[in-house]
Each structure stands twice: as C-alpha cells, then as structure tokens.
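Shown next: structure.tsv, given as TSV, C-alpha atoms.
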chain	number	residue	atom	x	y	z
A	1	MET	CA	11.81	-16.82	15.00
A	2	LYS	CA	12.58	-14.26	17.72
A	3	THR	CA	16.27	-15.16	17.87
A	4	GLN	CA	16.61	-14.84	14.10
A	5	LEU	CA	14.83	-11.47	14.14
A	6	GLU	CA	17.14	-10.26	16.91
A	7	ASP	CA	20.22	-11.19	14.87
A	8	ILE	CA	18.89	-9.46	11.75
A	9	ILE	CA	17.85	-6.27	13.56
A	10	GLN	CA	21.12	-6.00	15.49
A	11	GLN	CA	23.18	-6.38	12.33
A	12	VAL	CA	21.18	-3.76	10.45
A	13	TYR	CA	21.14	-1.28	13.32
A	14	LYS	CA	24.94	-1.35	13.57
A	15	LYS	CA	25.44	-0.62	9.86
A	16	GLU	CA	26.56	2.79	8.65
A	17	LYS	CA	25.38	2.30	5.07
A	18	ARG	CA	22.29	0.57	3.69
A	19	ASN	CA	20.89	0.65	7.19
A	20	LEU	CA	17.22	1.46	6.60
A	21	PHE	CA	14.46	-0.61	8.18
A	22	THR	CA	11.91	-0.82	5.39
A	23	PHE	CA	8.39	-2.26	5.55
A	24	LEU	CA	6.40	-3.18	2.45
A	25	THR	CA	2.71	-3.68	3.17
A	26	GLY	CA	-0.33	-4.81	1.22
A	27	ALA	CA	-4.01	-5.50	1.68
A	28	GLY	CA	-3.45	-8.26	4.23
A	29	ILE	CA	-2.43	-5.75	6.89
A	30	SER	CA	-5.83	-4.04	6.64
A	31	SER	CA	-7.91	-7.22	6.76
A	32	ASP	CA	-8.23	-7.03	10.57
A	33	SER	CA	-9.84	-3.62	10.07
A	34	GLY	CA	-12.58	-5.27	8.02
A	35	ILE	CA	-11.33	-4.39	4.53
A	36	PRO	CA	-11.29	-7.41	2.18
A	37	THR	CA	-7.91	-8.37	0.78
A	38	TYR	CA	-7.33	-8.34	-2.96
A	39	ARG	CA	-6.14	-11.81	-3.85
A	40	GLY	CA	-6.76	-13.86	-0.73
A	41	THR	CA	-9.41	-16.56	-0.69
A	42	ASP	CA	-12.07	-13.95	0.14
A	43	GLY	CA	-10.48	-11.07	-1.76
A	44	ILE	CA	-12.33	-8.47	-3.78
A	45	TRP	CA	-10.21	-9.21	-6.85
A	46	VAL	CA	-11.12	-12.87	-6.54
A	47	LYS	CA	-14.84	-12.22	-6.26
A	48	GLY	CA	-14.77	-9.06	-8.36
A	49	THR	CA	-17.64	-6.62	-8.49
A	50	GLN	CA	-21.18	-7.86	-8.88
A	51	PHE	CA	-21.03	-7.66	-12.65
A	52	HIS	CA	-17.40	-7.52	-13.79
A	53	LYS	CA	-14.09	-9.29	-13.52
A	54	PRO	CA	-11.59	-7.06	-11.71
A	55	GLU	CA	-9.06	-7.06	-14.56
A	56	GLU	CA	-11.78	-5.53	-16.74
A	57	PHE	CA	-13.38	-3.18	-14.22
A	58	GLY	CA	-10.19	-1.88	-12.61
A	59	THR	CA	-8.77	-0.36	-15.77
A	60	PHE	CA	-8.44	3.05	-17.36
A	61	LYS	CA	-10.04	1.59	-20.49
A	62	TYR	CA	-13.20	0.69	-18.55
A	63	PHE	CA	-13.21	4.08	-16.82
A	64	LYS	CA	-13.22	5.90	-20.17
A	65	GLU	CA	-16.25	3.86	-21.24
A	66	HIS	CA	-18.14	3.94	-17.90
A	67	PRO	CA	-16.79	6.84	-15.80
A	68	GLU	CA	-19.84	7.32	-13.57
A	69	GLU	CA	-19.95	3.66	-12.64
A	70	VAL	CA	-16.25	3.60	-11.69
A	71	LEU	CA	-16.47	6.87	-9.74
A	72	GLN	CA	-19.54	5.63	-7.86
A	73	TYR	CA	-17.62	2.46	-6.93
A	74	SER	CA	-14.65	4.57	-5.83
A	75	LEU	CA	-16.95	6.54	-3.52
A	76	PHE	CA	-18.35	3.26	-2.19
A	77	ARG	CA	-14.74	2.27	-1.36
A	78	LYS	CA	-14.26	5.68	0.26
A	79	LYS	CA	-17.18	4.99	2.59
A	80	MET	CA	-15.82	1.51	3.32
A	81	PHE	CA	-12.44	2.95	4.32
A	82	GLU	CA	-13.95	5.72	6.43
A	83	ASP	CA	-16.22	3.31	8.30
A	84	VAL	CA	-13.30	1.25	9.64
A	85	GLU	CA	-10.39	2.05	11.96
A	86	PRO	CA	-6.66	1.30	11.78
A	87	ASN	CA	-5.85	-1.97	13.51
A	88	GLN	CA	-3.03	-2.94	15.84
A	89	SER	CA	-0.64	-3.71	12.97
A	90	HIS	CA	-0.98	-0.13	11.70
A	91	PHE	CA	-0.30	1.23	15.18
A	92	GLU	CA	2.67	-1.08	15.74
A	93	LEU	CA	4.27	0.28	12.56
A	94	ALA	CA	3.63	3.86	13.65
A	95	GLU	CA	5.35	3.09	16.97
A	96	ILE	CA	8.29	1.48	15.17
A	97	GLU	CA	8.64	4.65	13.11
A	98	ASN	CA	8.66	6.74	16.29
A	99	ILE	CA	11.55	4.64	17.58
A	100	LEU	CA	13.64	4.48	14.40
A	101	GLN	CA	12.81	7.95	13.04
A	102	ASP	CA	14.53	8.53	9.67
A	103	ARG	CA	15.88	4.99	9.51
A	104	PHE	CA	12.28	3.82	9.00
A	105	HIS	CA	10.41	3.78	5.69
A	106	LEU	CA	7.04	2.34	4.79
A	107	LEU	CA	6.15	1.41	1.22
A	108	THR	CA	2.49	0.46	0.94
A	109	GLN	CA	0.32	-0.84	-1.86
A	110	ASN	CA	-2.80	0.11	0.10
A	111	ILE	CA	-5.00	3.03	-0.94
A	112	ASP	CA	-7.10	2.99	2.26
A	113	ASN	CA	-5.30	5.75	4.24
A	114	LEU	CA	-5.16	3.59	7.41
A	115	HIS	CA	-1.38	3.87	7.81
A	116	ARG	CA	-1.63	7.66	7.82
A	117	ARG	CA	-4.59	7.60	10.20
A	118	ALA	CA	-2.49	5.46	12.56
A	119	GLY	CA	0.23	8.12	12.53
A	120	THR	CA	2.84	6.89	10.04
A	121	GLN	CA	4.57	9.72	8.19
A	122	ARG	CA	7.52	8.27	6.27
A	123	ILE	CA	5.34	6.54	3.72
A	124	TYR	CA	5.21	6.02	-0.04
A	125	GLU	CA	1.80	4.94	-1.39
A	126	VAL	CA	2.99	3.09	-4.48
A	127	HIS	CA	-0.51	2.35	-5.77
A	128	GLY	CA	-1.77	5.87	-5.08
A	129	ASN	CA	-4.62	6.56	-2.66
A	130	ASN	CA	-8.35	7.14	-2.46
A	131	ARG	CA	-7.99	10.64	-0.95
A	132	GLU	CA	-6.94	12.30	-4.18
A	133	LEU	CA	-8.11	12.97	-7.71
A	134	LYS	CA	-6.40	13.79	-10.97
A	135	CYS	CA	-7.68	14.77	-14.38
A	136	SER	CA	-8.32	11.77	-16.62
A	137	ASN	CA	-7.13	13.90	-19.53
A	138	GLY	CA	-3.77	14.51	-17.89
A	139	CYS	CA	-3.92	18.20	-16.95
A	140	LYS	CA	-3.32	20.01	-13.65
A	141	GLU	CA	-1.80	18.72	-10.44
A	142	ILE	CA	-3.12	15.98	-8.19
A	143	ILE	CA	-5.81	17.44	-5.88
A	144	ASN	CA	-7.57	16.32	-2.72
A	145	LEU	CA	-11.04	14.87	-3.10
A	146	PRO	CA	-13.41	17.74	-2.21
A	147	GLU	CA	-14.85	17.38	1.30
A	148	GLU	CA	-18.31	18.01	-0.14
A	149	ILE	CA	-18.15	14.65	-1.92
A	150	LYS	CA	-19.26	11.96	0.51
A	151	GLY	CA	-18.88	8.20	0.45
A	152	LYS	CA	-21.67	6.18	-1.19
A	153	ASN	CA	-23.60	3.05	-0.48
A	154	ILE	CA	-23.11	0.40	-3.16
A	155	ASP	CA	-26.48	1.23	-4.79
A	156	GLU	CA	-26.28	5.03	-4.39
A	157	ASP	CA	-25.81	7.06	-7.59
A	158	LEU	CA	-23.71	10.18	-8.10
A	159	THR	CA	-25.58	13.43	-7.53
A	160	GLN	CA	-25.51	16.31	-9.95
A	161	ARG	CA	-23.27	18.17	-7.51
A	162	ASP	CA	-20.90	15.18	-7.37
A	163	ILE	CA	-20.68	15.25	-11.16
A	164	GLU	CA	-19.85	18.97	-11.13
A	165	LEU	CA	-17.09	18.48	-8.55
A	166	LEU	CA	-15.73	15.46	-10.42
A	167	THR	CA	-15.31	17.43	-13.65
A	168	CYS	CA	-11.93	19.02	-14.38
A	169	LYS	CA	-12.23	22.79	-14.19
A	170	ILE	CA	-9.55	23.23	-16.85
A	171	CYS	CA	-10.53	20.89	-19.67
A	172	GLY	CA	-14.00	19.61	-18.75
A	173	HIS	CA	-13.01	15.93	-18.69
A	174	TRP	CA	-13.80	13.62	-15.79
A	175	MET	CA	-11.57	13.59	-12.75
A	176	ARG	CA	-10.47	10.14	-11.65
A	177	PRO	CA	-9.11	8.50	-8.49
A	178	ASN	CA	-5.37	8.85	-8.02
A	179	ILE	CA	-4.84	5.08	-7.98
A	180	LEU	CA	-3.03	2.63	-10.22
A	181	TRP	CA	-5.29	0.52	-12.43
A	182	PHE	CA	-4.47	-2.83	-14.04
A	183	ASP	CA	-3.66	-1.39	-17.45
A	184	GLU	CA	-1.43	1.44	-16.18
A	185	TYR	CA	2.26	1.81	-15.40
A	186	TYR	CA	4.08	2.98	-12.29
A	187	ASP	CA	5.66	6.43	-12.40
A	188	GLU	CA	7.42	8.69	-9.90
A	189	LYS	CA	4.85	11.47	-9.56
A	190	ALA	CA	1.88	9.35	-8.56
A	191	HIS	CA	3.51	6.13	-7.38
A	192	LYS	CA	7.02	7.08	-6.17
A	193	LYS	CA	8.56	4.39	-8.36
A	194	PHE	CA	12.14	5.61	-8.27
A	195	SER	CA	11.98	6.89	-4.69
A	196	SER	CA	10.79	3.50	-3.44
A	197	LEU	CA	13.51	1.67	-5.37
A	198	LYS	CA	16.10	4.03	-3.86
A	199	VAL	CA	14.77	3.19	-0.39
A	200	ALA	CA	15.03	-0.51	-1.24
A	201	LYS	CA	18.64	-0.04	-2.38
A	202	ASN	CA	19.55	1.52	0.97
A	203	SER	CA	17.68	-0.98	3.13
A	204	GLY	CA	19.41	-3.38	5.48
A	205	VAL	CA	16.20	-5.32	5.95
A	206	LEU	CA	12.92	-5.40	4.06
A	207	PHE	CA	9.94	-6.67	6.03
A	208	ILE	CA	7.14	-7.80	3.68
A	209	VAL	CA	3.79	-7.74	5.48
A	210	GLY	CA	0.40	-8.82	4.14
A	211	THR	CA	1.08	-8.80	0.42
A	212	SER	CA	1.40	-11.52	-2.20
A	213	GLY	CA	3.65	-9.62	-4.62
A	214	ALA	CA	1.31	-9.91	-7.59
A	215	THR	CA	2.33	-6.58	-9.16
A	216	SER	CA	5.63	-5.51	-10.66
A	217	LEU	CA	6.92	-2.67	-8.46
A	218	PRO	CA	6.69	-4.55	-5.13
A	219	ILE	CA	8.62	-7.45	-6.67
A	220	ALA	CA	11.17	-4.98	-8.09
A	221	ILE	CA	11.52	-3.46	-4.60
A	222	ALA	CA	12.32	-6.89	-3.15
A	223	GLU	CA	14.70	-7.72	-6.01
A	224	THR	CA	16.53	-4.41	-5.51
A	225	ALA	CA	16.82	-4.94	-1.78
A	226	LEU	CA	18.27	-8.42	-2.35
A	227	LYS	CA	20.69	-7.16	-4.99
A	228	TYR	CA	22.21	-4.67	-2.56
A	229	GLY	CA	22.49	-7.10	0.33
A	230	ALA	CA	19.33	-6.63	2.37
A	231	THR	CA	17.68	-9.43	4.31
A	232	ILE	CA	14.09	-10.16	3.30
A	233	VAL	CA	11.62	-11.07	6.05
A	234	ASP	CA	8.39	-12.47	4.56
A	235	ILE	CA	5.56	-12.06	7.08
A	236	ASN	CA	2.43	-13.54	5.54
A	237	THR	CA	-0.11	-16.19	6.41
A	238	GLU	CA	0.58	-18.14	3.23
A	239	ASP	CA	3.26	-18.56	0.57
A	240	ASN	CA	3.33	-15.99	-2.21
A	241	ASN	CA	5.42	-14.55	-5.04
A	242	PHE	CA	7.97	-13.14	-2.59
A	243	THR	CA	8.40	-16.61	-1.09
A	244	GLU	CA	9.26	-17.93	-4.53
A	245	LEU	CA	11.75	-15.09	-5.04
A	246	ILE	CA	13.65	-15.67	-1.79
A	247	LYS	CA	13.32	-19.42	-1.21
A	248	ASP	CA	16.89	-20.18	-2.32
A	249	LYS	CA	18.48	-17.09	-0.74
A	250	LYS	CA	20.54	-17.14	2.44
A	251	ASN	CA	19.55	-13.67	3.63
A	252	LYS	CA	15.88	-14.39	4.23
A	253	LEU	CA	13.44	-15.29	6.97
A	254	ILE	CA	9.95	-16.66	6.28
A	255	ILE	CA	7.37	-16.21	9.04
A	256	ARG	CA	3.87	-17.64	8.83
A	257	GLU	CA	2.19	-15.86	11.73
A	258	LYS	CA	-0.24	-12.95	12.17
A	259	SER	CA	1.33	-9.62	11.34
A	260	THR	CA	0.24	-7.98	14.61
A	261	ASP	CA	2.07	-10.57	16.69
A	262	VAL	CA	5.25	-10.39	14.62
A	263	LEU	CA	5.31	-6.58	14.43
A	264	LYS	CA	5.00	-6.41	18.22
A	265	VAL	CA	8.04	-8.69	18.56
A	266	ILE	CA	9.97	-6.58	16.04
A	267	LYS	CA	9.12	-3.41	17.96
A	268	GLU	CA	10.30	-4.85	21.27
A	269	ILE	CA	13.55	-6.10	19.74
A	270	ILE	CA	14.26	-2.69	18.19
A	271	LYS	CA	13.65	-1.02	21.56
A	272	LYS	CA	16.06	-3.46	23.21
A	273	VAL	CA	18.77	-3.00	20.56
A	274	ILE	CA	18.62	0.79	20.81
A	275	VAL	CA	18.94	0.72	24.60
A	276	GLU	CA	21.98	-1.55	24.38

Since I need it in another form, could you write the structure as structure tokens?
Amino acid sequence: MKTQLEDIIQQVYKKEKRNLFTFLTGAGISSDSGIPTYRGTDGIWVKGTQFHKPEEFGTFKYFKEHPEEVLQYSLFRKKMFEDVEPNQSHFELAEIENILQDRFHLLTQNIDNLHRRAGTQRIYEVHGNNRELKCSNGCKEIINLPEEIKGKNIDEDLTQRDIELLTCKICGHWMRPNILWFDEYYDEKAHKKFSSLKVAKNSGVLFIVGTSGATSLPIAIAETALKYGATIVDINTEDNNFTELIKDKKNKLIIREKSTDVLKVIKEIIKKVIVE
C-alpha cells in the first residue's frame, strides 16, 4: 500500500496541470470522535430517529409540517457536535493542508464543523453545515446560528426565545438549518456544487475517506475526477458505491484500513516528496 501511495503522490506532485490533492470525506471520518455514521451498521440513518424513518424525517416536506420538531432535533445535533472533539484524522488532514497549501482541497459531506475546528481552511461543505441558518421561505442571505441559541438534550423543547430567534425577521417564516435534506437538490450557493466539480476536474488524485457515496454529488465528484485522469484512492473500512465505480479502472487504489493510519502515511510521503 505504501509503495503504491508513494508512486501516486510523486506523479501528482510533479504535474503542472490537474495537480490538486483532493480529499472527499464523509461521516466515517468523524466516527472516532463519537459521532454516529449515517449508513454504517450503527448509523443514524439506519436506526433513524425514535419515531421516524430518516428519509421521511430528513426532508423539507417534513420540516414544513413539523418545524419545531426538526429544529429541536437540529439543536440536539448541535449539542452532540459541540460535546465532541476533532480526532486524529481531522488533524492529519489539517497538517496535510499546511504542507500542500493551495494544492490541497477538502470536500466534505459532514455538517459537524470538526474539520474547521481542527484547522482546515480550504474546504467545501457540500451538504451544508449546522452552524448556519437560512429562511425556509427563501429570503435573505445565509446567517450564523445566533450564539444565544444553545444545543438541546434530546427531550428538551424549544424556548419562546429560541422560537423568536428562529423566525425570519423579514417574512416571519421559520428559519431552517443550512443543510441538504433528502428531498432537496445541490446548488452552488449552499453546497458549492460547481466549485467542487471544478476542483475534481483539476485533481491529480482524489482520496475518498469515510464515505459510502450514497448521494449524487460525491459520486459526480469521483466520476469527474476519473474523466479528467485523476487516480481514485478509496480509504474505507468496507466496500461502497465508490468501490463499484472504480473496480474496473486502472487508476485506482483500494485501501481497507483505518483512516487515521492511512492519512498519517500519506502525510509522511508528501513531506518526503516535497523535500526531494
């Protein structure tokens, strides 16, 4: 595995065009921080909420019918994210960015803010994030969640003050989390759809870490990277949709080891290549 990674990294580093080192991450990279994955064997989208299937609950349609319930759950997730810390995989990626500078890009499906807390800056959050709100009626810009609104326990209701702060000051409709739900489409403003595809087009290697590829944009990112000649490195503990996509391709490497161990190896190889 190490020899193959060395060959890939050396080839990409020497390129003048399509020479970006791009990392695509998903929920698996945050599992060591104590955040359940989405579609793993113990994932929250496998178990769902206590009362609802995820494909029903995690939708704009359900939000319009039950806004307080969805907002309360979002604030429960906020508390969950705030109560954990970035893990070594997050910090390894931040260190890799420090080494590569503008040749590094991170595309993440995670809304948990752990990459940013670990120090990563060149990042596109393609599923949005839990730090921000936008009007459910479509007006005004995306705003930061007011600091006055605190995370909730799973059985803790919204306060009257929460409700006031979660109401759009322009139109009076509910504010909503700036995240992508199951019945919504990717766009550029909230999800950096075209920016992330441009990064994929200019990538020499795409490292896929801790994600199964169950949504359309991550798969499109991998397809675009392949189309323009990038090597795909699939770093996951089990086979997934990306594995199916690349299984017959020459420019691929499949690694079934823990992300922290592999990212550490990648970091050391990049350091060595730069020194040479």

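Checking A:Ser136, A:Leu158, A:Leu93, A:Lys192 one by one against Glu268 of chain A, counting only C-alpha atoms, you find the shortest gap at A:Leu93.
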
Return the single residue from A:Phe207, A:Tyr185, A:Phe60, A:Phe104 that is closest to Leu5 of chain A, with distances computed using all atoms listed in the file. A:Phe207

With only C-alpha atoms as the atoms that count, which of A:Val209, A:Ala190, A:Ile99, A:Leu114 lies nearest to Ile29 of chain A?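 Result for the nearest residue to Ile29 of chain A: A:Val209.
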
If I take atom CA of Ile35 of chain A and atom CA of Asp112 of chain A, how far is one from the other in Å, to one decimal?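 Going from atom CA of Ile35 of chain A over to atom CA of Asp112 of chain A, I get 8.8 Å.
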
Å distance separating atom CA of Lys198 of chain A from atom CA of Tyr124 of chain A, one decimal place: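 Distance reported for this atom pair: 11.7 Å.
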